[in-house]
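Participant: So that we are looking at the same thing, I have put the structure below in structure tokens.
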Amino acid sequence: MPTLGGMKTPACTLTSRPDLPASLETALVHLGRDSAAASHAVNPPLVRASTLLFPTLADFKASNGGCVFESPRYGRSGTSTQFELQQAMARLSGAESCIATPSGLSAIAAVLGAHARPGGLILLQEGVYGPTRALCEQVLAPLQCRVETFCSAEDLAGKLTAASFLVFIEVPGSLTMQMVDVGAVCALAAAQGVPVACDATWGTPLFFDAHRHGVDIAIHAATKYLNGHSDVMLGLTTGSYAALEATRSGCDRTGSHVSADACWLALRGLRTLHLRMPRHHTSALQVAQWLSLQPQIERVLFPALPTDPGHALWQRYFTGAPGPFTVELAPCSEPAFTRFIESLQWFGLGTSWGGFESLVMPAIPHHLRGLPVQPDAGRLLRLHIGLESPDDLCRDLAAALPLLQGGAG
């Protein structure tokens with residue numbers, strides 16, 4: 001495989017999905033367009049509706065026999081716009097089905113809630129997205145659902161019991177960028193009959209084929225790369241009909257609904273996914289490599305780098321690394337940290353990632369979130385590398401980094 005500075009260049013293939021065209025580019029152009037033919041348009045129509053009409057009473061009665069969120073029933077169950085996006089995502093993921101939810105966190109909540117039981121055990125990978133852990137600790141635990149964390153497949157092996165209802169992982173882990181051996185985790189859980197859910201937002205189906213590696217339920221914050229334009233909140237969850245049965249039922253009972261507008265915009269974003277992801281990959285690698293050489297940087301947490309402890313696992317399971325990544329700074333004061341962030345020209349200060357624009361934000365580990373001021377040592381920064389010139393981004397950082405060494409004044 002060709003390399004970039006000793007790294008793998010991103011590979012976007014669909015070899016494990018034989019029902020799709022051999023070319024990813026062709027698949028992304030043509031998936032999710034079935035309903036366009038009726039309007040003689042290139043794009044499928046945007047169908048907003050609270051009420052769906054049926055020509056006969058028999059058709060009305062039959063509508064309730066269809067799969068919820070996949071067939072016309074009532075506006076809350078979706079219109080053709082939602083169905084098109086879900087079908088496209090399911091096929092890209094090599095899965096039977098996909099459920100759209102209002103955000104990535106709502107998708108996580110739907111999956112966790114569907115598998116939570118009083119006295120039951122959910123095993124949660126350390127370092128997952130902060131709101132995921134908060135949901136477990138502040139919502140599920142008070143309902144008497146047990147939540148335990150694990151840091152590796154070996155650690156998980158000693159914690160799986162007959163009372164386990166779900167294993168939840170995220171690759172790589174949020175902020176720490178920790179990699180876990182996905183195949184080993186899935187094999188251990190399968191041997192005990194326990195499903196594995198994975199937050200697979202970082203890699204998308206292009207760089208990380210979650211289901212082929214044994215994941216039962218793959219969760220994507222489509223807010224990020226899948227949409228790619230920083231203007232949509234959306235979650236997409238893929239898996240077999242059996243794996244998603246409890247989640248689908250829970251979404252139906254709680255009135256989960258996604259706007260047709262959000263789905264239509266995400267379909268638009270999918271068309272350029274194969275163009276955007278390799279660019280994010282190459283730019284993120286260039287900036288991460290440059291940062292790792294700077295004296296103000298203690299280390300760069302990015303599994304695509306050969307120096308990262310998770311690099312071998314990244315090579316095994318991923319074909320690309322779009323970012324974002326985390327940077328540990330050399331000890332610096334709060335005023336210096338503030339000056340550094342506020343002096344950046346091409347990095348917006350904001351939450352989220354996966355859009356076209358570069359972003360910066362303080363990366364605060366879970367155990368430090370209650371502190372009003374972070375310690376000078378071990379301070380973390382998260383960067384999302386957008387579609388700007390990576391040379392411009394490095395120049396921007398180069399101008400700001402010396403401010404980290406300034407005094408407190």
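Residue numbering restarts at 1 in every chain; chains get A, B, ... in the order shown in the structure tokens, and ligands count up from 1 in that same order.
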Name the residues in contact with segment 279-289 of chain A at a cut-off of 9 Å, using only C-alpha atoms, excluding same-chain residues fewer than 5 positions from it; report them as number ranges by chain.

Facilitator: A: 4-5, 7, 9-10, 300-302, 304-305, 320-325, 327, 354, 356, 384-391, 393-394

Participant: What parts of segment 101-273 of chain A does DSSP call strand (DSSP E)? I'd like the answer as a ChimeraX atom specification.

Facilitator: /A:101,121-125,146-150,164-170,196-199,217-221,235-239

Participant: List the neighbours of Cys67 of chain A out to 10 Å using only C-alpha atoms; skip same-chain residues closer than 6 positions along the sequence, and give me the result as a PyMOL selection string.

Facilitator: chain A and resi 73+77+241+248

Participant: If you keep N, CA and C atoms, can you produce a file of those selected residues as a PDB file, in the first residue's frame?

Facilitator:
ATOM      1  N   ARG A  73     -45.784   5.495   7.607  1.00  0.00           N
ATOM      2  CA  ARG A  73     -46.728   5.195   8.676  1.00  0.00           C
ATOM      3  C   ARG A  73     -47.309   6.496   9.201  1.00  0.00           C
ATOM      4  N   SER A  77     -42.404   8.510  12.149  1.00  0.00           N
ATOM      5  CA  SER A  77     -41.683   7.318  11.703  1.00  0.00           C
ATOM      6  C   SER A  77     -40.848   7.571  10.458  1.00  0.00           C
ATOM      7  N   TYR A 241     -31.176  -6.442  11.789  1.00  0.00           N
ATOM      8  CA  TYR A 241     -32.493  -6.186  12.377  1.00  0.00           C
ATOM      9  C   TYR A 241     -32.573  -6.762  13.791  1.00  0.00           C
ATOM     10  N   ARG A 248     -34.608  -0.045  18.184  1.00  0.00           N
ATOM     11  CA  ARG A 248     -35.703   0.453  17.338  1.00  0.00           C
ATOM     12  C   ARG A 248     -36.980   0.610  18.159  1.00  0.00           C
TER      13      ARG A 248
END

Participant: So that I can check the secondary structure, give me every residue of segment 114-285 of chain A assigned alpha helix (DSSP H) by backbone DSSP, as a PyMOL selection string.

Facilitator: chain A and resi 114-115+130-135+153-157+182-191+204-207+241-253+260-270+273-285

Participant: Env of Val42 of chain A: 8 Å cut, atoms = only C-alpha atoms, seq-sep filter 3 positions within chain, self excluded. Answer as an mmCIF file with all heavy atoms, in the first residue's frame.

Facilitator:
data_model
loop_
_atom_site.group_PDB
_atom_site.id
_atom_site.type_symbol
_atom_site.label_atom_id
_atom_site.label_comp_id
_atom_site.auth_asym_id
_atom_site.auth_seq_id
_atom_site.Cartn_x
_atom_site.Cartn_y
_atom_site.Cartn_z
ATOM 1 N N ARG A 33 -30.895 7.602 -3.834
ATOM 2 C CA ARG A 33 -31.508 8.456 -4.850
ATOM 3 C C ARG A 33 -32.726 7.804 -5.511
ATOM 4 O O ARG A 33 -33.220 8.298 -6.520
ATOM 5 C CB ARG A 33 -30.485 8.808 -5.933
ATOM 6 C CG ARG A 33 -29.368 9.732 -5.464
ATOM 7 C CD ARG A 33 -28.336 9.958 -6.555
ATOM 8 N NE ARG A 33 -28.927 10.478 -7.782
ATOM 9 C CZ ARG A 33 -28.279 10.538 -8.945
ATOM 10 N NH1 ARG A 33 -27.025 10.113 -9.024
ATOM 11 N NH2 ARG A 33 -28.875 11.003 -10.017
ATOM 12 N N ALA A 36 -35.771 9.952 -6.330
ATOM 13 C CA ALA A 36 -35.585 11.109 -7.208
ATOM 14 C C ALA A 36 -36.264 10.928 -8.559
ATOM 15 O O ALA A 36 -36.686 11.904 -9.190
ATOM 16 C CB ALA A 36 -34.093 11.376 -7.417
ATOM 17 N N ALA A 37 -36.382 9.678 -8.991
ATOM 18 C CA ALA A 37 -36.908 9.423 -10.333
ATOM 19 C C ALA A 37 -38.315 9.974 -10.514
ATOM 20 O O ALA A 37 -38.660 10.499 -11.582
ATOM 21 C CB ALA A 37 -36.881 7.925 -10.619
#

Participant: Which of these, A:Thr132, A:Thr237, A:Gln296, A:Ser106, has the shortest distance to His220 of chain A once you count only C-alpha atoms?

Facilitator: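 Looking only at the distances to His220 of chain A, the closest residue turns out to be A:Thr237.
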
Participant: How many Å separate atom CA of Ala260 of chain A from atom CA of Ala62 of chain A?

Facilitator: 23.1 Å

Participant: Which residue out of A:Gln294, A:Gln405, A:Ser93, A:Thr254 has the minimum interatomic distance to Ala218 of chain A when only C-alpha atoms are used?

Facilitator: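 Of all the options, A:Ser93 lies closest to Ala218 of chain A.
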
Participant: Find, counting only C-alpha atoms, the residue in A:Ile122, A:Gly113, A:Ala377, A:Ile364 that gets nearest to Leu160 of chain A.

Facilitator: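 Ranked by minimum distance to Leu160 of chain A, first place goes to A:Ile122.
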
Participant: Leaving out Asp252 of chain A and any residue of its chain fewer than 5 positions from it, which residues lie within 9 Å of it when counting only C-alpha atoms, given as an NGL selection string?

Facilitator: :A and (68-69 or 76-77 or 247 or 257)

Participant: What's the 12 Å shell around Leu112 of chain A, counting only C-alpha atoms, without same-chain residues fewer than 6 positions away, as an mmCIF file with C-alpha atoms, in the first residue's frame?

Facilitator:
data_model
loop_
_atom_site.group_PDB
_atom_site.id
_atom_site.type_symbol
_atom_site.label_atom_id
_atom_site.label_comp_id
_atom_site.auth_asym_id
_atom_site.auth_seq_id
_atom_site.Cartn_x
_atom_site.Cartn_y
_atom_site.Cartn_z
ATOM 1 C CA LEU A 105 -25.637 11.392 21.700
ATOM 2 C CA SER A 106 -29.290 10.470 21.219
ATOM 3 C CA GLY A 120 -27.658 -5.814 34.745
ATOM 4 C CA LEU A 121 -24.118 -4.899 33.783
ATOM 5 C CA ILE A 122 -22.932 -2.585 31.002
ATOM 6 C CA LEU A 123 -19.205 -2.709 30.351
ATOM 7 C CA LEU A 124 -17.880 0.628 29.170
ATOM 8 C CA THR A 132 -21.531 8.788 27.119
ATOM 9 C CA ARG A 133 -19.906 8.143 30.474
ATOM 10 C CA ALA A 134 -22.007 10.848 32.148
ATOM 11 C CA LEU A 135 -25.159 9.207 30.779
ATOM 12 C CA CYS A 136 -24.131 5.892 32.313
ATOM 13 C CA GLU A 137 -23.162 7.390 35.659
ATOM 14 C CA VAL A 139 -28.911 8.267 34.345
ATOM 15 C CA LEU A 140 -28.409 4.504 34.160
ATOM 16 C CA ALA A 141 -26.635 3.959 37.491
ATOM 17 C CA CYS A 145 -28.023 -0.563 36.147
ATOM 18 C CA ARG A 146 -24.444 -1.488 36.965
ATOM 19 C CA VAL A 147 -21.716 0.170 34.893
ATOM 20 C CA PHE A 165 -26.019 -7.004 28.723
ATOM 21 C CA LEU A 166 -23.764 -4.828 26.569
ATOM 22 C CA VAL A 167 -20.131 -4.011 25.857
ATOM 23 C CA PHE A 168 -19.651 -0.427 24.660
ATOM 24 C CA ILE A 169 -16.446 0.737 22.976
ATOM 25 C CA PRO A 195 -23.590 -7.675 21.971
ATOM 26 C CA VAL A 196 -20.909 -5.066 21.272
ATOM 27 C CA ALA A 197 -21.828 -1.480 20.455
ATOM 28 C CA CYS A 198 -19.170 0.832 19.062
ATOM 29 C CA ASP A 199 -19.034 4.581 18.633
ATOM 30 C CA ILE A 217 -24.148 -2.110 16.642
ATOM 31 C CA ILE A 219 -23.043 4.295 16.155
ATOM 32 C CA LEU A 244 -31.254 -3.218 16.502
ATOM 33 C CA ALA A 246 -34.502 -3.294 21.154
ATOM 34 C CA THR A 247 -33.056 0.048 20.051
ATOM 35 C CA GLY A 250 -37.051 2.140 22.320
ATOM 36 C CA CYS A 251 -36.815 4.913 19.733
#

Participant: Just the number, please: distance in Å from atom CA of Trp202 of chain A to atom CA of Tyr225 of chain A, one decimal.

Facilitator: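 About the pair atom CA of Trp202 of chain A and atom CA of Tyr225 of chain A: they are 7.9 Å apart.
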
Participant: In terms of the shortest atom-to-atom distance over only C-alpha atoms, which of A:Ser249, A:Thr326, A:Ser259, A:Ser23 is closest to Thr81 of chain A?

Facilitator: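 Using only C-alpha atoms, Thr81 of chain A sits closest to A:Ser259.
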
Participant: Closest to Gly214 of chain A among A:Tyr129, A:Trp290, A:Phe150, A:Tyr317, using only C-alpha atoms?

Facilitator: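 Checking each candidate against Gly214 of chain A, we get A:Tyr317 as the closest.
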
Participant: Find the residues around Leu85 of chain A up to 7 Å (only C-alpha atoms counted), leave out those fewer than 6 positions away in its own chain, and share them as a PDB file with N, CA, C and O atoms, in the first residue's frame.

Facilitator:
ATOM      1  N   GLY A  32     -29.086   6.200  -2.184  1.00  0.00           N
ATOM      2  CA  GLY A  32     -30.007   7.161  -1.603  1.00  0.00           C
ATOM      3  C   GLY A  32     -30.664   8.086  -2.596  1.00  0.00           C
ATOM      4  O   GLY A  32     -30.968   9.249  -2.273  1.00  0.00           O
ATOM      5  N   CYS A 263     -31.785  14.964   7.343  1.00  0.00           N
ATOM      6  CA  CYS A 263     -31.451  13.788   6.530  1.00  0.00           C
ATOM      7  C   CYS A 263     -31.106  14.192   5.100  1.00  0.00           C
ATOM      8  O   CYS A 263     -30.188  13.635   4.485  1.00  0.00           O
ATOM      9  N   LEU A 267     -27.526  13.484   3.244  1.00  0.00           N
ATOM     10  CA  LEU A 267     -27.390  12.827   1.942  1.00  0.00           C
ATOM     11  C   LEU A 267     -26.503  13.649   1.015  1.00  0.00           C
ATOM     12  O   LEU A 267     -25.674  13.105   0.288  1.00  0.00           O
TER      13      LEU A 267
END

Participant: In terms of the shortest atom-to-atom distance over only C-alpha atoms, which of A:Ile108, A:Ala88, A:Lys159, A:Ser174 is closest to Val128 of chain A?

Facilitator: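 Using only C-alpha atoms, Val128 of chain A sits closest to A:Ser174.
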
Participant: Suppose you want the space between atom CA of Leu143 of chain A and atom CA of Ser164 of chain A; what is it in Å?

Facilitator: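 So the two atoms, atom CA of Leu143 of chain A and atom CA of Ser164 of chain A, lie 15.8 Å apart.
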